[in-house]
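Scroll down for the structure; my scribbles are underneath it.
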Amino acid sequence: MSWLGPVLAVAGLAFRESARNRVLHALVGATLLMTGASVVFGWVSGDEQARQLKIVADLSLSAIALLGTIASIFLGTNLVYQEVERRTVYTVLARPIDRGGFIVGKYLGLAGVMAVAVAAMSAGFLLVYGLAGGRPSVGLLVALALTYVELAVVIGVAVFFSVAAHPIEGAVFAFVVALAGHVTADLQRLGADLARDASGVGVVVLEKVLYGAYVLLPNLENFNVRPHAAHGVAIDPAHAGLALVYAVVYVAILLGLATVVFRRKVL
Amino acid sequence: MIRVEELRAGYRAGFRRAWREVLQGVSFHVPRGAIAGYLGVNGAGKTTTIKVLVGVNAPTGGRASIAGHPVGTPAAQRALGYAQEAPFFYEGLTARELLGFYARLSGVPRPERAPRAEALLEEVQLSDAGDRPVRGFSKGMRQRLALAQALVHDPELLVLDEPLDGLDSMGRLHLRELIARQRDRGRTVFFSSHVLSDVEAVCDHLVVLDGAKVAYEGPTAGFMAQGDLTIEVRLAGALTADATAALAAAAGDPPATSGEVHVVRCATQAQADAVVDAARAAGLQVVALTPARHSLEERFLEAFGRPRQAAGGAA
């Protein structure tokens, strides 16, 4: 347990520092505003109440996922880089914590902050949904939980780039990964279609590249049950469980890679 | 307390991140209970050595240990407290919060954290500023807070990188007293500084880096004793041409004369004896014999003083 104390100390500090970030406050505020606005959109559509509630759920869940992704990437890509730039990392690494523990601590701190942020955004959404006449279903709660798990994976990607790249480059890379992570199945399908319909070395290489992207990029669609929940379609518990396991494994690999890169750095 | 053997380390620099090995087989030993100054010109590798000792970076070769534990291991890191050059902190935290964080990071049990932070704030005279965010702290307050965070887990060894850098006279005096007090508590202190007058005032042991190797290691007095000793012989009376020639022959240089007072500078005790004999033979009165020892700064420049700056800077 002696290694856990320092890791939790770093996590606690990362939580405190991230929680004070004004960009996060602004993004949470913007999400709550969008949730409120979704009621207006539903009302303007003139549809029956059930359809209005679907609009509220659809827009609100998407806003939580989108703005949560932006916040995770913005905070995550600065997380380790900033410590090295500000040289605050020296007095930390001179204590009994290794670089892997430091990375894990930073990750846990930001994941904790985003858990609170998602909880706040979810509470706002459920309140608005209830006031609009809806009854929060288990499906909606699962969709919110899996949205958080998706953000936890995005934080892992951001933390990796925070170690390996400058924050601006890292943010661009992380956004590309987050966007591509929603179309990995399409990428694989595109490669297979190309290989079937055309020939040549270029096509073979492209098919391999697209397949590689499919394997390496996080499949964030695993966590996207938001349309199902908004439209009242039941969510398979096994799917949710497997998605959670996939996230844990993926994040562990990302943090492992981040540790390898960080250990190679001379500070 | 610190043992370094054939240590090699470096860093990447420049746009192409080229590797620069600044330590090429450095060896030295700092005895337990010493206050040791670590000197060297800019770029000599002082900060690189310190980063290896405290476990921030790994050496590329050789060995180093702290209190018998290999550097970078949790046991070695628990034995030392480290304050970096121009200390950087989490600016939004207060001094109390920072000390609490470092205490937790170092494994100090929860009930002991607050009292220890309080005692340290008292010791470094920051009690009144304990609840203020660090971003408003002056340079002197930051250096004192850096010392407090290094002491928060009660280490046997303090490793300080340029702790007196940029402080005014009062700030330096206060910090020097704080450092000297650590010896009374049985701690070993190892610090780099380019303020050689401060090093001379508090250090009883020196390690001097020159050309990526250790050029001197041992007691401060030993380093100073290696310096050129000047003995000033002050004479009074009328100086004849023969007496001037005799004094010049004894000392190597003619005396500096002002009226009936003459001063001869001798590089060795034997020269001084010869000058005194020549003066007495010429009927001059020997008024004073004054040994003039160099300061550490003069001695440092004399030993390593191809025209360079005194020790300092990061490497």
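Labeling convention for the structure tokens: chains A, B, ... as they appear, residues from 1 per chain, ligands from 1 in order of appearance.
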What are the residues of chain B lining chain A at 7 Å or less? Count only C-alpha atoms, and put the answer as a VMD selection string. chain B and resid 11 54 to 57 74 77 to 78 82 to 83 88 to 90 101 104 to 107
Shell around Gly76 (chain A) at 9 Å using only C-alpha atoms, local window under 2 positions removed, as a ChimeraX atom specification: /A:71-74,78-80,106-107,110,154-162,167,171
Resulting file, chosen residues, N, CA, C and O atoms, as a PDB file, in the first residue's frame:
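Generated file (result29.pdb):
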```
ATOM      1  N   ALA A  71     -13.673  19.250 -22.693  1.00  0.00           N
ATOM      2  CA  ALA A  71     -13.064  19.527 -21.378  1.00  0.00           C
ATOM      3  C   ALA A  71     -11.968  18.504 -21.065  1.00  0.00           C
ATOM      4  O   ALA A  71     -10.885  18.864 -20.594  1.00  0.00           O
ATOM      5  N   SER A  72     -12.254  17.231 -21.344  1.00  0.00           N
ATOM      6  CA  SER A  72     -11.266  16.173 -21.039  1.00  0.00           C
ATOM      7  C   SER A  72      -9.987  16.390 -21.828  1.00  0.00           C
ATOM      8  O   SER A  72      -8.873  16.229 -21.291  1.00  0.00           O
ATOM      9  N   ILE A  73     -10.141  16.751 -23.101  1.00  0.00           N
ATOM     10  CA  ILE A  73      -8.953  16.938 -23.942  1.00  0.00           C
ATOM     11  C   ILE A  73      -8.212  18.203 -23.517  1.00  0.00           C
ATOM     12  O   ILE A  73      -6.984  18.202 -23.394  1.00  0.00           O
ATOM     13  N   PHE A  74      -8.955  19.262 -23.283  1.00  0.00           N
ATOM     14  CA  PHE A  74      -8.308  20.520 -22.892  1.00  0.00           C
ATOM     15  C   PHE A  74      -7.514  20.354 -21.600  1.00  0.00           C
ATOM     16  O   PHE A  74      -6.355  20.750 -21.509  1.00  0.00           O
ATOM     17  N   ASN A  78      -2.832  19.102 -21.069  1.00  0.00           N
ATOM     18  CA  ASN A  78      -1.951  19.997 -20.311  1.00  0.00           C
ATOM     19  C   ASN A  78      -1.389  19.328 -19.061  1.00  0.00           C
ATOM     20  O   ASN A  78      -0.454  19.838 -18.450  1.00  0.00           O
ATOM     21  N   LEU A  79      -1.995  18.213 -18.692  1.00  0.00           N
ATOM     22  CA  LEU A  79      -1.813  17.665 -17.353  1.00  0.00           C
ATOM     23  C   LEU A  79      -0.348  17.411 -16.961  1.00  0.00           C
ATOM     24  O   LEU A  79       0.130  17.931 -15.953  1.00  0.00           O
ATOM     25  N   VAL A  80       0.375  16.639 -17.759  1.00  0.00           N
ATOM     26  CA  VAL A  80       1.756  16.310 -17.424  1.00  0.00           C
ATOM     27  C   VAL A  80       2.700  17.347 -18.027  1.00  0.00           C
ATOM     28  O   VAL A  80       3.672  17.760 -17.391  1.00  0.00           O
ATOM     29  N   LYS A 106      -2.163  11.516 -11.867  1.00  0.00           N
ATOM     30  CA  LYS A 106      -2.712  12.629 -12.655  1.00  0.00           C
ATOM     31  C   LYS A 106      -3.991  12.186 -13.369  1.00  0.00           C
ATOM     32  O   LYS A 106      -4.980  12.916 -13.407  1.00  0.00           O
ATOM     33  N   TYR A 107      -3.948  10.969 -13.914  1.00  0.00           N
ATOM     34  CA  TYR A 107      -5.129  10.453 -14.615  1.00  0.00           C
ATOM     35  C   TYR A 107      -6.319  10.338 -13.655  1.00  0.00           C
ATOM     36  O   TYR A 107      -7.426  10.799 -13.969  1.00  0.00           O
ATOM     37  N   LEU A 110      -7.892  13.774 -12.775  1.00  0.00           N
ATOM     38  CA  LEU A 110      -8.740  14.366 -13.817  1.00  0.00           C
ATOM     39  C   LEU A 110     -10.007  13.520 -14.022  1.00  0.00           C
ATOM     40  O   LEU A 110     -11.099  14.079 -14.217  1.00  0.00           O
ATOM     41  N   VAL A 154     -11.183   8.935 -23.250  1.00  0.00           N
ATOM     42  CA  VAL A 154     -10.650  10.149 -23.898  1.00  0.00           C
ATOM     43  C   VAL A 154      -9.592  10.809 -22.993  1.00  0.00           C
ATOM     44  O   VAL A 154      -8.560  11.289 -23.480  1.00  0.00           O
ATOM     45  N   ILE A 155      -9.822  10.800 -21.676  1.00  0.00           N
ATOM     46  CA  ILE A 155      -8.826  11.367 -20.744  1.00  0.00           C
ATOM     47  C   ILE A 155      -7.512  10.575 -20.865  1.00  0.00           C
ATOM     48  O   ILE A 155      -6.426  11.156 -20.868  1.00  0.00           O
ATOM     49  N   GLY A 156      -7.630   9.255 -20.984  1.00  0.00           N
ATOM     50  CA  GLY A 156      -6.431   8.424 -21.160  1.00  0.00           C
ATOM     51  C   GLY A 156      -5.664   8.825 -22.408  1.00  0.00           C
ATOM     52  O   GLY A 156      -4.427   8.946 -22.384  1.00  0.00           O
ATOM     53  N   VAL A 157      -6.388   9.056 -23.501  1.00  0.00           N
ATOM     54  CA  VAL A 157      -5.752   9.486 -24.755  1.00  0.00           C
ATOM     55  C   VAL A 157      -5.065  10.845 -24.538  1.00  0.00           C
ATOM     56  O   VAL A 157      -3.917  11.057 -24.939  1.00  0.00           O
ATOM     57  N   ALA A 158      -5.786  11.749 -23.889  1.00  0.00           N
ATOM     58  CA  ALA A 158      -5.244  13.104 -23.652  1.00  0.00           C
ATOM     59  C   ALA A 158      -4.005  13.053 -22.767  1.00  0.00           C
ATOM     60  O   ALA A 158      -3.023  13.754 -23.022  1.00  0.00           O
ATOM     61  N   VAL A 159      -4.032  12.211 -21.726  1.00  0.00           N
ATOM     62  CA  VAL A 159      -2.876  12.110 -20.836  1.00  0.00           C
ATOM     63  C   VAL A 159      -1.672  11.546 -21.599  1.00  0.00           C
ATOM     64  O   VAL A 159      -0.538  12.013 -21.426  1.00  0.00           O
ATOM     65  N   PHE A 160      -1.930  10.564 -22.469  1.00  0.00           N
ATOM     66  CA  PHE A 160      -0.827  10.029 -23.274  1.00  0.00           C
ATOM     67  C   PHE A 160      -0.187  11.140 -24.106  1.00  0.00           C
ATOM     68  O   PHE A 160       1.041  11.289 -24.130  1.00  0.00           O
ATOM     69  N   PHE A 161      -1.029  11.941 -24.781  1.00  0.00           N
ATOM     70  CA  PHE A 161      -0.471  13.010 -25.613  1.00  0.00           C
ATOM     71  C   PHE A 161       0.139  14.131 -24.764  1.00  0.00           C
ATOM     72  O   PHE A 161       1.012  14.850 -25.230  1.00  0.00           O
ATOM     73  N   SER A 162      -0.319  14.253 -23.544  1.00  0.00           N
ATOM     74  CA  SER A 162       0.256  15.246 -22.639  1.00  0.00           C
ATOM     75  C   SER A 162       1.718  14.912 -22.320  1.00  0.00           C
ATOM     76  O   SER A 162       2.532  15.791 -22.067  1.00  0.00           O
ATOM     77  N   PRO A 167       1.047  20.651 -25.789  1.00  0.00           N
ATOM     78  CA  PRO A 167      -0.410  20.643 -25.579  1.00  0.00           C
ATOM     79  C   PRO A 167      -1.239  20.961 -26.830  1.00  0.00           C
ATOM     80  O   PRO A 167      -2.295  20.351 -27.038  1.00  0.00           O
ATOM     81  N   ALA A 171      -3.624  18.267 -28.248  1.00  0.00           N
ATOM     82  CA  ALA A 171      -5.073  18.480 -28.307  1.00  0.00           C
ATOM     83  C   ALA A 171      -5.597  18.128 -29.696  1.00  0.00           C
ATOM     84  O   ALA A 171      -6.654  17.495 -29.829  1.00  0.00           O
TER      85      ALA A 171
END
```
Excluding Ala245 (chain B) and residues on its chain fewer than 6 positions from it, collect all residues at most 12 Å away from it, counting only C-alpha atoms, and give them as a list in words.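 That gives Leu239, Ala251, Gly252, Asp253, Pro254, Pro255, Val275, Ala278, Ala279 and Ala282 of chain B.
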As a PyMOL selection string, which residues of region 54-277 of chain B does DSSP assign to helix (DSSP H, G or I)? chain B and resi 74-79+95-105+110-123+127-129+134-136+139-151+169-184+196-202+220-225+241-251+269-277
Quick one, how far is CA of Glu162 (chain B) from CA of Gly136 (chain B)? 21.3 Å
Exercise: Val118 (chain A) partners within 8 Å, only C-alpha atoms, chain neighbours under 3 positions left out, as a list in words: Ile64, Gly68, Met114, Ala115, Met121, Ser122 and Tyr148 of chain A
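Counting only C-alpha atoms, Glu118 (chain B) has the following residues at most 9 Å away, ignoring those fewer than 6 positions along the same chain: Arg96, Ser127 and Gly130 of chain B.
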All residues 9 Å or closer to Phe262 (chain A), only C-alpha atoms, same chain fewer than 3 positions away omitted, as a PyMOL selection string: chain A and resi 99-100+103+163-164+257-259+265-266
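Within the 10 Å cut-off around Ile55 (chain A), using only C-alpha atoms and omitting residues fewer than 3 positions from it on the same chain, the listed residues are A:Ser38, A:Val39, A:Val40, A:Phe41, A:Gly42, A:Trp43, A:Ser45, A:Asp47, A:Gln49, A:Ala50, A:Arg51, A:Gln52, A:Asp58, A:Leu59, A:Ser60, A:Leu61, A:Ala230, A:His231.
Atom to atom, CA of Met170 (chain B) and CA of Leu39 (chain B) stand 22.7 Å apart.
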By how many Å are CA of Ser62 (chain A) and CA of Ala14 (chain A) apart? 26.6 Å
Please return as a ChimeraX atom specification: the residues of region 108-236 of chain B that backbone DSSP assigns to strand (DSSP E). /B:157-161,188-192,205-210,213-219,230-236
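Distance check against Gly43 (chain B) using only C-alpha atoms: of B:Gly72, B:Arg20, B:Thr290, B:Ala270, the minimum falls on B:Arg20.
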